[in-house]
>>> print(open('start-v8.txt').read())   # compact mmCIF, C-alpha atoms
# COMPACT_ATOMS: atom_id res chain seq x y z
CA MET A 1 17.35 -6.26 -24.00
CA LYS A 2 14.24 -4.16 -23.31
CA LYS A 3 14.83 -0.75 -21.76
CA ALA A 4 12.27 0.95 -19.49
CA VAL A 5 12.16 4.02 -17.26
CA VAL A 6 10.48 3.26 -13.93
CA TYR A 7 8.87 6.43 -12.61
CA ILE A 8 7.98 6.18 -8.91
CA TYR A 9 6.49 9.16 -7.08
CA ASN A 10 7.46 7.51 -3.80
CA SER A 11 10.69 7.05 -1.89
CA PHE A 12 12.87 4.00 -2.40
CA LYS A 13 12.31 2.88 1.21
CA ASP A 14 8.56 3.51 1.06
CA PRO A 15 6.87 0.18 1.97
CA LEU A 16 4.52 0.60 -0.99
CA PHE A 17 7.49 0.41 -3.36
CA GLN A 18 9.53 -2.11 -1.36
CA SER A 19 6.68 -4.58 -0.98
CA ASN A 20 5.31 -4.42 -4.52
CA MET A 21 7.04 -2.80 -7.43
CA LEU A 22 10.62 -3.53 -6.36
CA LEU A 23 9.86 -7.26 -6.17
CA TYR A 24 8.34 -7.15 -9.65
CA LEU A 25 11.24 -5.16 -11.10
CA LEU A 26 13.80 -7.61 -9.76
CA ASP A 27 11.74 -10.49 -11.09
CA ALA A 28 11.28 -8.96 -14.56
CA ASN A 29 14.94 -7.99 -14.66
CA LYS A 30 15.92 -11.59 -13.94
CA GLU A 31 13.36 -13.46 -16.07
CA LEU A 32 12.80 -11.12 -19.04
CA ASP A 33 16.16 -9.40 -19.56
CA TYR A 34 15.17 -5.79 -18.80
CA SER A 35 17.30 -2.73 -18.10
CA PHE A 36 15.57 -0.22 -15.82
CA ALA A 37 16.24 3.46 -15.13
CA LEU A 38 14.58 3.87 -11.73
CA ILE A 39 13.44 7.38 -10.74
CA THR A 40 12.23 7.89 -7.15
CA TYR A 41 11.31 10.98 -5.12
CA GLU A 42 12.97 10.82 -1.72
CA GLN A 43 11.10 12.08 1.36
CA SER A 44 12.63 12.92 4.75
CA GLU A 45 10.63 10.22 6.56
CA PHE A 46 12.38 7.60 4.41
CA ALA A 47 15.80 9.23 4.47
CA ILE A 48 18.80 7.15 3.34
CA SER A 49 22.37 7.96 4.34
CA LYS A 50 24.91 8.77 1.64
CA ALA A 51 26.83 5.58 2.38
CA GLU A 52 23.72 3.39 2.12
CA LYS A 53 22.59 5.20 -1.01
CA LYS A 54 25.98 4.54 -2.64
CA GLU A 55 25.82 0.86 -1.73
CA LEU A 56 22.23 0.53 -2.99
CA LYS A 57 23.14 2.13 -6.31
CA LYS A 58 26.00 -0.33 -6.70
CA GLU A 59 23.83 -3.36 -5.90
CA LEU A 60 21.06 -2.22 -8.24
CA LYS A 61 23.48 -1.46 -11.07
CA GLU A 62 24.75 -5.03 -10.90
CA ARG A 63 21.17 -6.06 -11.75
CA ASN A 64 20.83 -3.54 -14.60
CA ILE A 65 18.76 -1.13 -12.51
CA TYR A 66 20.11 2.43 -12.60
CA TRP A 67 18.70 4.43 -9.69
CA ILE A 68 18.11 8.19 -9.96
CA PRO A 69 16.87 9.52 -6.57
CA LEU A 70 15.22 12.95 -6.83
CA ARG A 71 13.97 15.22 -4.03
CA TRP A 72 10.31 15.21 -3.00
CA HIS A 73 8.83 18.70 -2.60
CA SER A 74 5.96 19.31 -0.18
CA GLY A 75 4.42 22.08 1.92
CA LYS A 76 2.69 25.24 0.70
CA LEU A 77 2.02 25.88 -3.00
CA LYS A 78 1.54 22.15 -3.47
CA LEU A 79 0.31 22.29 -7.06
CA ILE A 80 3.28 24.43 -8.12
CA LYS A 81 5.72 22.07 -6.41
CA LYS A 82 4.12 19.01 -7.99
CA THR A 83 4.41 20.73 -11.37
CA TRP A 84 8.11 21.35 -10.69
CA ASP A 85 8.58 17.68 -9.79
CA ALA A 86 6.88 16.69 -13.02
CA LEU A 87 8.99 19.05 -15.16
CA TYR A 88 12.26 17.93 -13.58
CA GLY A 89 11.22 14.33 -14.04
CA LEU A 90 10.53 15.13 -17.69
CA LEU A 91 14.13 16.23 -18.23
CA ILE A 92 15.51 13.05 -16.69
CA ILE A 93 13.19 10.89 -18.77
CA LEU A 94 14.12 12.76 -21.95
CA LYS A 95 17.77 11.93 -21.25
CA TYR A 96 17.02 8.22 -20.99
CA ARG A 97 14.67 8.30 -23.97
CA LEU A 98 17.60 9.52 -26.05
CA LEU A 99 19.57 6.56 -24.67
CA GLY A 100 17.01 4.14 -26.11
CA TYR A 101 14.62 3.68 -23.18
CA ASN A 102 11.32 3.44 -25.06
CA ARG A 103 9.05 2.14 -22.28
CA ILE A 104 7.87 3.66 -19.00
CA VAL A 105 6.50 1.95 -15.89
CA SER A 106 4.70 3.83 -13.11
CA LEU A 107 3.28 3.06 -9.66
CA GLY A 108 -0.16 4.45 -8.76
CA THR A 109 -2.23 7.02 -10.62
CA VAL A 110 -0.35 10.12 -9.44
CA SER A 111 2.95 8.96 -10.93
CA GLY A 112 0.86 7.24 -13.61
CA SER A 113 -0.64 10.55 -14.67
CA PHE A 114 2.78 12.14 -14.97
CA ALA A 115 4.07 9.08 -16.81
CA TYR A 116 1.12 9.21 -19.22
CA ILE A 117 2.16 12.74 -20.25
CA TYR A 118 5.77 11.63 -20.72
CA SER A 119 4.69 8.58 -22.74
CA VAL A 120 2.72 10.78 -25.14
CA LEU A 121 5.46 13.40 -25.47
CA PHE A 122 8.27 10.90 -26.02
CA ARG A 123 6.32 8.08 -27.71
CA MET A 124 6.96 5.50 -25.01
CA ARG A 125 4.84 2.44 -24.24
CA HIS A 126 3.36 2.82 -20.76
CA TYR A 127 2.70 0.21 -18.05
CA LEU A 128 0.57 1.74 -15.27
CA TYR A 129 0.80 -0.51 -12.23
CA GLN A 130 -1.73 -0.12 -9.40
CA TYR A 131 -4.31 1.93 -11.26
CA GLU A 132 -6.73 3.49 -8.72
CA PRO A 133 -8.79 6.72 -8.84
CA HIS A 134 -6.77 8.75 -6.33
CA SER A 135 -8.65 11.96 -7.16
CA GLU A 136 -11.91 10.27 -6.17
CA PHE A 137 -10.39 9.06 -2.91
CA LEU A 138 -9.53 12.65 -1.97
CA LYS A 139 -12.94 13.94 -3.08
CA ASP A 140 -14.83 11.30 -1.10
CA MET A 141 -12.80 12.11 2.02
CA GLY A 142 -13.61 15.81 1.66
CA ILE A 143 -9.95 16.75 1.15
CA TRP A 144 -10.61 18.06 -2.36
CA SER A 145 -13.81 19.54 -3.74
CA GLU A 146 -15.04 18.40 -7.13
CA ARG A 147 -14.56 21.96 -8.41
CA SER A 148 -10.99 22.35 -7.18
CA LEU A 149 -8.21 22.66 -9.76
CA SER A 150 -6.26 19.81 -8.15
CA PHE A 151 -9.20 17.44 -8.51
CA GLN A 152 -10.00 18.52 -12.06
CA VAL A 153 -6.42 18.10 -13.29
CA LEU A 154 -5.70 14.74 -11.65
CA ASN A 155 -9.14 13.31 -12.46
CA TRP A 156 -8.75 14.24 -16.15
CA LEU A 157 -5.27 12.71 -16.31
CA GLU A 158 -6.46 9.54 -14.56
CA LYS A 159 -9.23 9.10 -17.10
CA ARG A 160 -6.94 9.78 -20.06
CA SER A 161 -4.29 7.36 -18.81
CA GLY A 162 -6.96 4.74 -18.15
CA LEU A 163 -8.20 5.08 -21.72
CA TYR A 164 -4.93 5.19 -23.64
CA THR A 165 -2.19 3.49 -21.60
CA GLU A 166 -0.94 0.30 -23.25
CA VAL A 167 -0.75 -1.93 -20.14
CA ILE A 168 -2.63 -1.51 -16.84
CA ALA A 169 -2.53 -3.54 -13.64
CA THR A 170 -5.28 -2.88 -11.11
CA GLY A 171 -6.17 -4.51 -7.82
CA THR A 172 -9.87 -5.31 -8.14
CA ILE A 173 -12.49 -6.65 -10.50
CA HIS A 174 -14.39 -3.41 -9.85
CA MET A 175 -11.76 -1.33 -11.67
CA MET A 176 -11.41 -3.90 -14.43
CA ASN A 177 -15.15 -3.57 -15.08
CA ARG A 178 -14.91 0.23 -15.07
CA LEU A 179 -12.04 0.23 -17.55
CA HIS A 180 -14.02 -2.06 -19.81
CA LYS A 181 -17.05 0.24 -19.69
CA MET A 182 -14.80 3.26 -20.38
CA GLY A 183 -13.59 1.59 -23.57
CA SER A 184 -9.97 1.40 -22.42
CA LYS A 185 -7.50 0.33 -25.08
CA ALA A 186 -5.15 -1.18 -22.48
CA GLN A 187 -4.30 -4.77 -21.82
CA VAL A 188 -5.59 -5.05 -18.25
CA PHE A 189 -4.26 -7.39 -15.58
CA LYS A 190 -5.69 -7.94 -12.10
CA ILE A 191 -2.82 -7.68 -9.62
CA PRO A 192 -3.81 -6.77 -6.03
CA SER A 193 -1.15 -5.20 -3.79
CA CYS A 194 1.12 -8.17 -3.18
CA VAL A 195 3.17 -9.19 -0.16
CA ASN A 196 6.67 -10.57 0.08
CA ASP A 197 5.39 -13.86 1.49
CA GLN A 198 8.91 -15.05 2.29
CA LEU A 199 9.38 -12.12 4.66
CA PHE A 200 5.81 -11.86 5.94
CA SER A 201 5.40 -15.19 7.66
CA PHE A 202 4.52 -16.19 11.22
CA SER A 203 7.40 -16.38 13.67
CA LYS A 204 6.74 -18.19 16.95
CA GLU A 205 10.02 -16.90 18.38
CA ASN A 206 9.20 -13.27 17.60
CA ARG A 207 5.67 -13.67 18.94
CA SER A 208 6.97 -14.83 22.30
CA GLN A 209 9.77 -12.27 22.40
CA ILE A 210 7.62 -9.23 21.64
CA ARG A 211 4.69 -10.27 23.82
CA GLU A 212 7.04 -10.83 26.75
CA SER A 213 8.86 -7.53 26.22
CA LEU A 214 5.53 -5.63 26.13
CA GLN A 215 4.14 -7.70 29.01
CA ILE A 216 1.08 -8.76 27.02
CA VAL A 217 1.53 -12.54 27.08
CA ASP A 218 -2.07 -13.23 28.14
CA ARG A 219 -3.79 -10.49 26.15
CA LYS A 220 -5.60 -10.42 22.81
CA VAL A 221 -3.66 -8.09 20.51
CA LEU A 222 -5.19 -5.99 17.75
CA ILE A 223 -2.57 -4.51 15.42
CA TYR A 224 -2.81 -1.60 13.02
CA VAL A 225 -0.05 -0.94 10.47
CA GLY A 226 -0.23 2.32 8.54
CA LYS A 227 -1.20 5.97 8.57
CA PHE A 228 -4.04 7.94 10.11
CA GLY A 229 -6.00 10.70 8.41
CA GLY A 230 -6.00 11.70 4.76
CA ILE A 231 -7.55 8.79 2.87
CA TYR A 232 -7.69 6.71 6.07
CA PHE A 233 -9.83 6.86 9.20
CA ASP A 234 -8.44 8.94 12.07
CA GLN A 235 -10.43 9.54 15.28
CA GLU A 236 -12.80 6.73 14.30
CA VAL A 237 -10.03 4.18 14.94
CA PHE A 238 -9.63 5.21 18.58
CA LYS A 239 -13.37 5.16 19.18
CA LEU A 240 -13.45 1.66 17.73
CA CYS A 241 -10.67 0.60 20.09
CA LYS A 242 -12.61 2.04 23.02
CA SER A 243 -15.72 0.06 22.01
CA ILE A 244 -13.70 -3.16 21.74
CA LEU A 245 -11.96 -2.63 25.08
CA GLU A 246 -15.28 -1.98 26.84
CA ARG A 247 -16.56 -5.34 25.62
CA ASP A 248 -13.33 -7.23 26.32
CA PRO A 249 -10.78 -5.63 28.71
CA THR A 250 -8.16 -8.23 27.73
CA PHE A 251 -7.59 -6.51 24.37
CA PHE A 252 -4.33 -4.63 23.73
CA PHE A 253 -3.68 -2.27 20.79
CA LEU A 254 -0.40 -2.34 18.87
CA PHE A 255 0.01 0.52 16.37
CA LEU A 256 2.91 0.77 13.92
CA THR A 257 2.59 4.14 12.21
CA PRO A 258 4.64 7.00 10.74
CA ASN A 259 2.20 9.49 12.33
CA ASP A 260 3.39 11.58 15.28
CA GLN A 261 3.46 9.32 18.35
CA ASP A 262 2.46 12.06 20.79
CA THR A 263 -0.64 12.73 18.70
CA ILE A 264 -1.53 9.03 18.72
CA LYS A 265 -1.10 8.86 22.49
CA SER A 266 -3.25 11.97 22.91
CA ASN A 267 -5.99 10.37 20.80
CA PHE A 268 -5.95 7.28 23.00
CA LYS A 269 -6.16 9.49 26.08
CA GLN A 270 -9.13 11.42 24.68
CA VAL A 271 -11.21 8.23 24.43
CA GLY A 272 -10.14 7.07 27.88
CA ILE A 273 -7.65 4.33 26.97
CA SER A 274 -4.65 4.25 29.31
CA GLU A 275 -1.04 3.56 28.29
CA LYS A 276 -1.16 0.06 29.77
CA ASN A 277 -3.55 -0.89 26.96
CA TYR A 278 -1.53 0.18 23.90
CA TYR A 279 1.90 0.46 22.33
CA VAL A 280 2.84 2.87 19.52
CA SER A 281 6.00 2.71 17.44
CA LEU A 282 7.49 2.98 13.96
CA VAL A 283 9.68 0.06 12.91
CA PRO A 284 11.61 -0.69 9.71
CA TYR A 285 9.60 -2.43 7.01
CA ASN A 286 11.58 -5.66 7.34
CA GLU A 287 10.62 -5.93 11.03
CA VAL A 288 6.86 -5.41 10.70
CA TYR A 289 6.19 -9.15 10.38
CA ARG A 290 7.60 -9.68 13.89
CA TYR A 291 4.88 -7.50 15.40
CA ILE A 292 2.13 -8.98 13.28
CA SER A 293 3.28 -12.41 14.48
CA ALA A 294 2.80 -11.15 18.04
CA SER A 295 -0.79 -10.09 17.27
CA ASP A 296 -4.14 -11.89 17.01
CA ILE A 297 -6.16 -9.73 14.60
CA GLY A 298 -5.38 -6.84 12.23
CA LEU A 299 -7.25 -3.64 11.46
CA VAL A 300 -7.85 -2.00 8.06
CA SER A 301 -8.75 1.67 8.54
CA VAL A 302 -10.17 2.42 5.10
CA PRO A 303 -13.59 4.17 5.24
CA PRO A 304 -16.62 2.66 3.45
CA LEU A 305 -16.92 5.30 0.73
CA PRO A 306 -17.91 4.66 -2.92
CA SER A 307 -14.41 4.95 -4.38
CA GLN A 308 -12.83 2.62 -1.83
CA LYS A 309 -13.96 -0.48 -3.71
CA PHE A 310 -11.15 0.31 -6.15
CA ARG A 311 -8.40 0.22 -3.49
CA SER A 312 -6.12 -2.67 -2.62
CA PRO A 313 -4.70 -2.09 0.90
CA ILE A 314 -1.43 -3.97 1.27
CA LYS A 315 -1.86 -4.53 5.00
CA VAL A 316 -4.56 -7.16 4.34
CA GLY A 317 -1.99 -9.40 2.66
CA GLU A 318 0.57 -8.72 5.38
CA TYR A 319 -1.86 -9.72 8.11
CA LEU A 320 -3.01 -12.88 6.33
CA CYS A 321 0.46 -14.07 5.33
CA CYS A 322 1.55 -13.73 8.97
CA GLY A 323 -1.43 -15.85 9.98
CA ILE A 324 -3.92 -13.41 11.50
CA PRO A 325 -7.46 -12.38 10.40
CA TYR A 326 -8.54 -8.78 9.88
CA ILE A 327 -11.33 -6.27 10.49
CA VAL A 328 -12.46 -4.28 7.44
CA CYS A 329 -15.38 -2.09 6.38
CA LYS A 330 -17.95 -3.17 3.83
CA GLY A 331 -17.19 -2.05 0.28
CA VAL A 332 -13.40 -1.85 0.64
CA SER A 333 -11.54 -3.45 -2.29
CA GLU A 334 -12.54 -7.10 -2.51
CA ASP A 335 -11.28 -7.52 1.06
CA ASP A 336 -14.79 -7.53 2.53
CA GLU A 337 -15.92 -10.27 0.17
CA TYR A 338 -12.77 -12.30 0.76
CA ALA A 339 -13.08 -12.03 4.55
CA LYS A 340 -16.56 -13.56 4.43
CA LYS A 341 -15.88 -16.13 1.72
CA GLU A 342 -12.72 -17.51 3.36
CA GLY A 343 -13.73 -16.91 6.98
CA VAL A 344 -10.60 -14.86 7.67
CA GLY A 345 -12.08 -11.55 8.77
CA VAL A 346 -14.92 -9.49 10.20
CA VAL A 347 -16.78 -7.00 7.99
CA LEU A 348 -18.27 -3.86 9.60
CA ASP A 349 -20.63 -1.36 7.99
CA ASN A 350 -18.48 1.36 9.60
CA PHE A 351 -16.54 1.99 12.82
CA GLU A 352 -19.50 3.36 14.79
CA GLU A 353 -20.27 1.71 18.13
CA VAL A 354 -23.63 0.34 17.01
CA ASN A 355 -21.85 -1.87 14.47
CA ILE A 356 -19.37 -3.18 17.02
CA GLU A 357 -22.25 -4.04 19.32
CA LYS A 358 -23.90 -6.10 16.58
CA GLN A 359 -20.77 -7.81 15.28
CA PHE A 360 -18.42 -8.12 18.24
CA VAL A 361 -19.51 -11.73 18.57
CA GLU A 362 -17.80 -12.40 15.21
CA ILE A 363 -14.55 -11.01 16.58
CA GLU A 364 -14.96 -13.15 19.71
CA ASP A 365 -15.57 -16.26 17.63
CA LEU A 366 -12.36 -15.71 15.68
CA MET A 367 -10.41 -15.18 18.90
CA LYS A 368 -11.80 -18.48 20.27
CA THR A 369 -10.69 -20.46 17.21
CA ASP A 370 -7.71 -22.76 17.73
CA SER A 371 -4.76 -20.47 16.97
CA ARG A 372 -2.86 -23.06 14.92
CA ILE A 373 -5.86 -23.80 12.72
CA LEU A 374 -6.69 -20.11 12.26
CA ARG A 375 -3.08 -19.25 11.52
CA GLN A 376 -2.82 -21.92 8.83
CA LYS A 377 -6.16 -20.85 7.32
CA CYS A 378 -5.12 -17.19 7.15
CA ARG A 379 -1.68 -17.98 5.74
CA SER A 380 -3.18 -20.13 3.00
CA ALA A 381 -5.72 -17.41 2.15
CA GLY A 382 -3.00 -14.76 2.12
CA LEU A 383 -0.79 -16.69 -0.28
CA GLN A 384 -3.70 -17.26 -2.63
CA TYR A 385 -5.05 -13.71 -2.49
CA ARG A 386 -1.97 -11.50 -2.09
CA GLY A 387 1.18 -13.62 -2.15
CA PHE A 388 4.04 -12.55 -4.43
CA SER A 389 4.76 -16.20 -5.23
CA LYS A 390 1.38 -16.43 -6.96
CA LEU A 391 1.07 -12.93 -8.42
CA ARG A 392 4.57 -12.79 -9.92
CA PHE A 393 3.42 -14.85 -12.91
CA VAL A 394 0.65 -12.36 -13.71
CA SER A 395 3.16 -9.53 -13.35
CA LEU A 396 5.62 -11.20 -15.71
CA ASN A 397 2.86 -11.46 -18.31
CA ALA A 398 2.17 -7.74 -17.87
CA PHE A 399 5.86 -6.91 -18.42
CA LYS A 400 5.91 -9.20 -21.47
CA SER A 401 3.01 -7.17 -22.91
CA LEU A 402 4.88 -3.88 -22.52
>>> encode(input="start-v8.txt", output="structure tokens")
Amino acid sequence: MKKAVVYIYNSFKDPLFQSNMLLYLLDANKELDYSFALITYEQSEFAISKAEKKELKKELKERNIYWIPLRWHSGKLKLIKKTWDALYGLLIILKYRLLGYNRIVSLGTVSGSFAYIYSVLFRMRHYLYQYEPHSEFLKDMGIWSERSLSFQVLNWLEKRSGLYTEVIATGTIHMMNRLHKMGSKAQVFKIPSCVNDQLFSFSKENRSQIRESLQIVDRKVLIYVGKFGGIYFDQEVFKLCKSILERDPTFFFLFLTPNDQDTIKSNFKQVGISEKNYYVSLVPYNEVYRYISASDIGLVSVPPLPSQKFRSPIKVGEYLCCGIPYIVCKGVSEDDEYAKKEGVGVVLDNFEEVNIEKQFVEIEDLMKTDSRILRQKCRSAGLQYRGFSKLRFVSLNAFKSL
């Protein structure tokens, strides 16, 4: 039996872990006879009760996954707190290394950078899943300056891990090409952010139920699932909604977000959109598909900056697998190319009104398409592009290489 530490700098209930890595771990555990020591950093927004945590540990242990939930530290003195998280993680990993765990798996380049250090110190083979240049995301958004210590440290670690990690999975051909040019020694697999396509599927019953409860039966519904600000658009989203509503008053906006709801409502008010035209909520991950089923088109709020071609937003797969098209900016992942090639989305240069004016007709054309035909087309594209059923085989090959 192979033994691997799984180092996740996310919470267990974080959708990013639930929708991607957890599926792959369960699959590898079943098909390849792995034992995993799973380390997560638990945040308050994804809090789990003691009783549920106990039950989860029991269920995971039955599948040879031993869960070690640690506390996430945030707030002031961020760099110091991240260093503390890394050092405490080091002690846990040392314990399992002494127990024969000679491999380490990480999710994203922040945990991947920490895991790279651990792999060097403890001579562990490293599988870096979802390799993206997070430091460049923050620099492009103006959150970090290129001279800041935070940028310098993370950027250096990202480059080192990209060069010397044994196995890397990344979401786009753009990053595969970069790794090749860098001279990376890794075995590289292309695995975009996948979707649990058994869960994310259109539900006619839920569509009717939610649309009736929100009194939007006869309206066109644009949904956004995710955060605002940081490495995502913020105010630009609400201006976009205003531009859409001015051109078609039958549109309704459905936002599922962990951001403060009062702030979201205030942002709608600032652009002149009344409460009768939107609904804001935060629902459990396993209920998101119900609201996407109730919608007609999805929004991806990733800005068109140079580094964004390396991202792989999971919401694209969620929208498509539930049977709806999406709106995305040019240069984001391969999502812009896929939208055009498969006819399942609208690509904007940015969220400014001049672009909506030019391309709103494309949104209208999608909304006029026979819903059953469009739904089937999007579902098929979603399974091909982001479905777990397809990508699991690539993931198994990556785990075999570890």
>>> residues_around(input="start-v8.txt", residues="Leu26 in chain A", least_positions_apart="3", cutoff="10 Å", atoms="only C-alpha atoms", output="NGL selection string")
:A and (21-23 or 29-32 or 34 or 36 or 60 or 63-65)
>>> residues_around(input="start-v8.txt", residues="Pro69 in chain A", least_positions_apart="5", cutoff="7 Å", atoms="only C-alpha atoms", output="ChimeraX atom specification")
/A:39-42
>>> residues_around(input="start-v8.txt", residues="Tyr232 in chain A", least_positions_apart="4", cutoff="12 Å", atoms="all atoms listed in the file", output="PyMOL selection string")
chain A and resi 137-138+140-143+224-228+236-237+299-305+308+311+313+329+332
>>> closest_residue(input="start-v8.txt", among="A:Met175, A:Ile216, A:Leu240, A:Met124", to="Leu348 in chain A", atoms="all atoms listed in the file")
A:Leu240
>>> residues_around(input="start-v8.txt", residues="Phe202 in chain A", least_positions_apart="5", cutoff="9 Å", atoms="all atoms listed in the file", output="list in words")
Arg207, Tyr289, Arg290, Ile292, Ser293, Ala294, Cys321, Cys322, Gly323, Ile324, Arg375 and Arg379 of chain A
>>> write_last_selection(input="start-v8.txt", atoms="C-alpha atoms", output="CSV table (one decimal), keeping the file's coordinate frame")
chain,number,residue,atom,x,y,z
A,207,ARG,CA,5.7,-13.7,18.9
A,289,TYR,CA,6.2,-9.2,10.4
A,290,ARG,CA,7.6,-9.7,13.9
A,292,ILE,CA,2.1,-9.0,13.3
A,293,SER,CA,3.3,-12.4,14.5
A,294,ALA,CA,2.8,-11.2,18.0
A,321,CYS,CA,0.5,-14.1,5.3
A,322,CYS,CA,1.6,-13.7,9.0
A,323,GLY,CA,-1.4,-15.8,10.0
A,324,ILE,CA,-3.9,-13.4,11.5
A,375,ARG,CA,-3.1,-19.2,11.5
A,379,ARG,CA,-1.7,-18.0,5.7
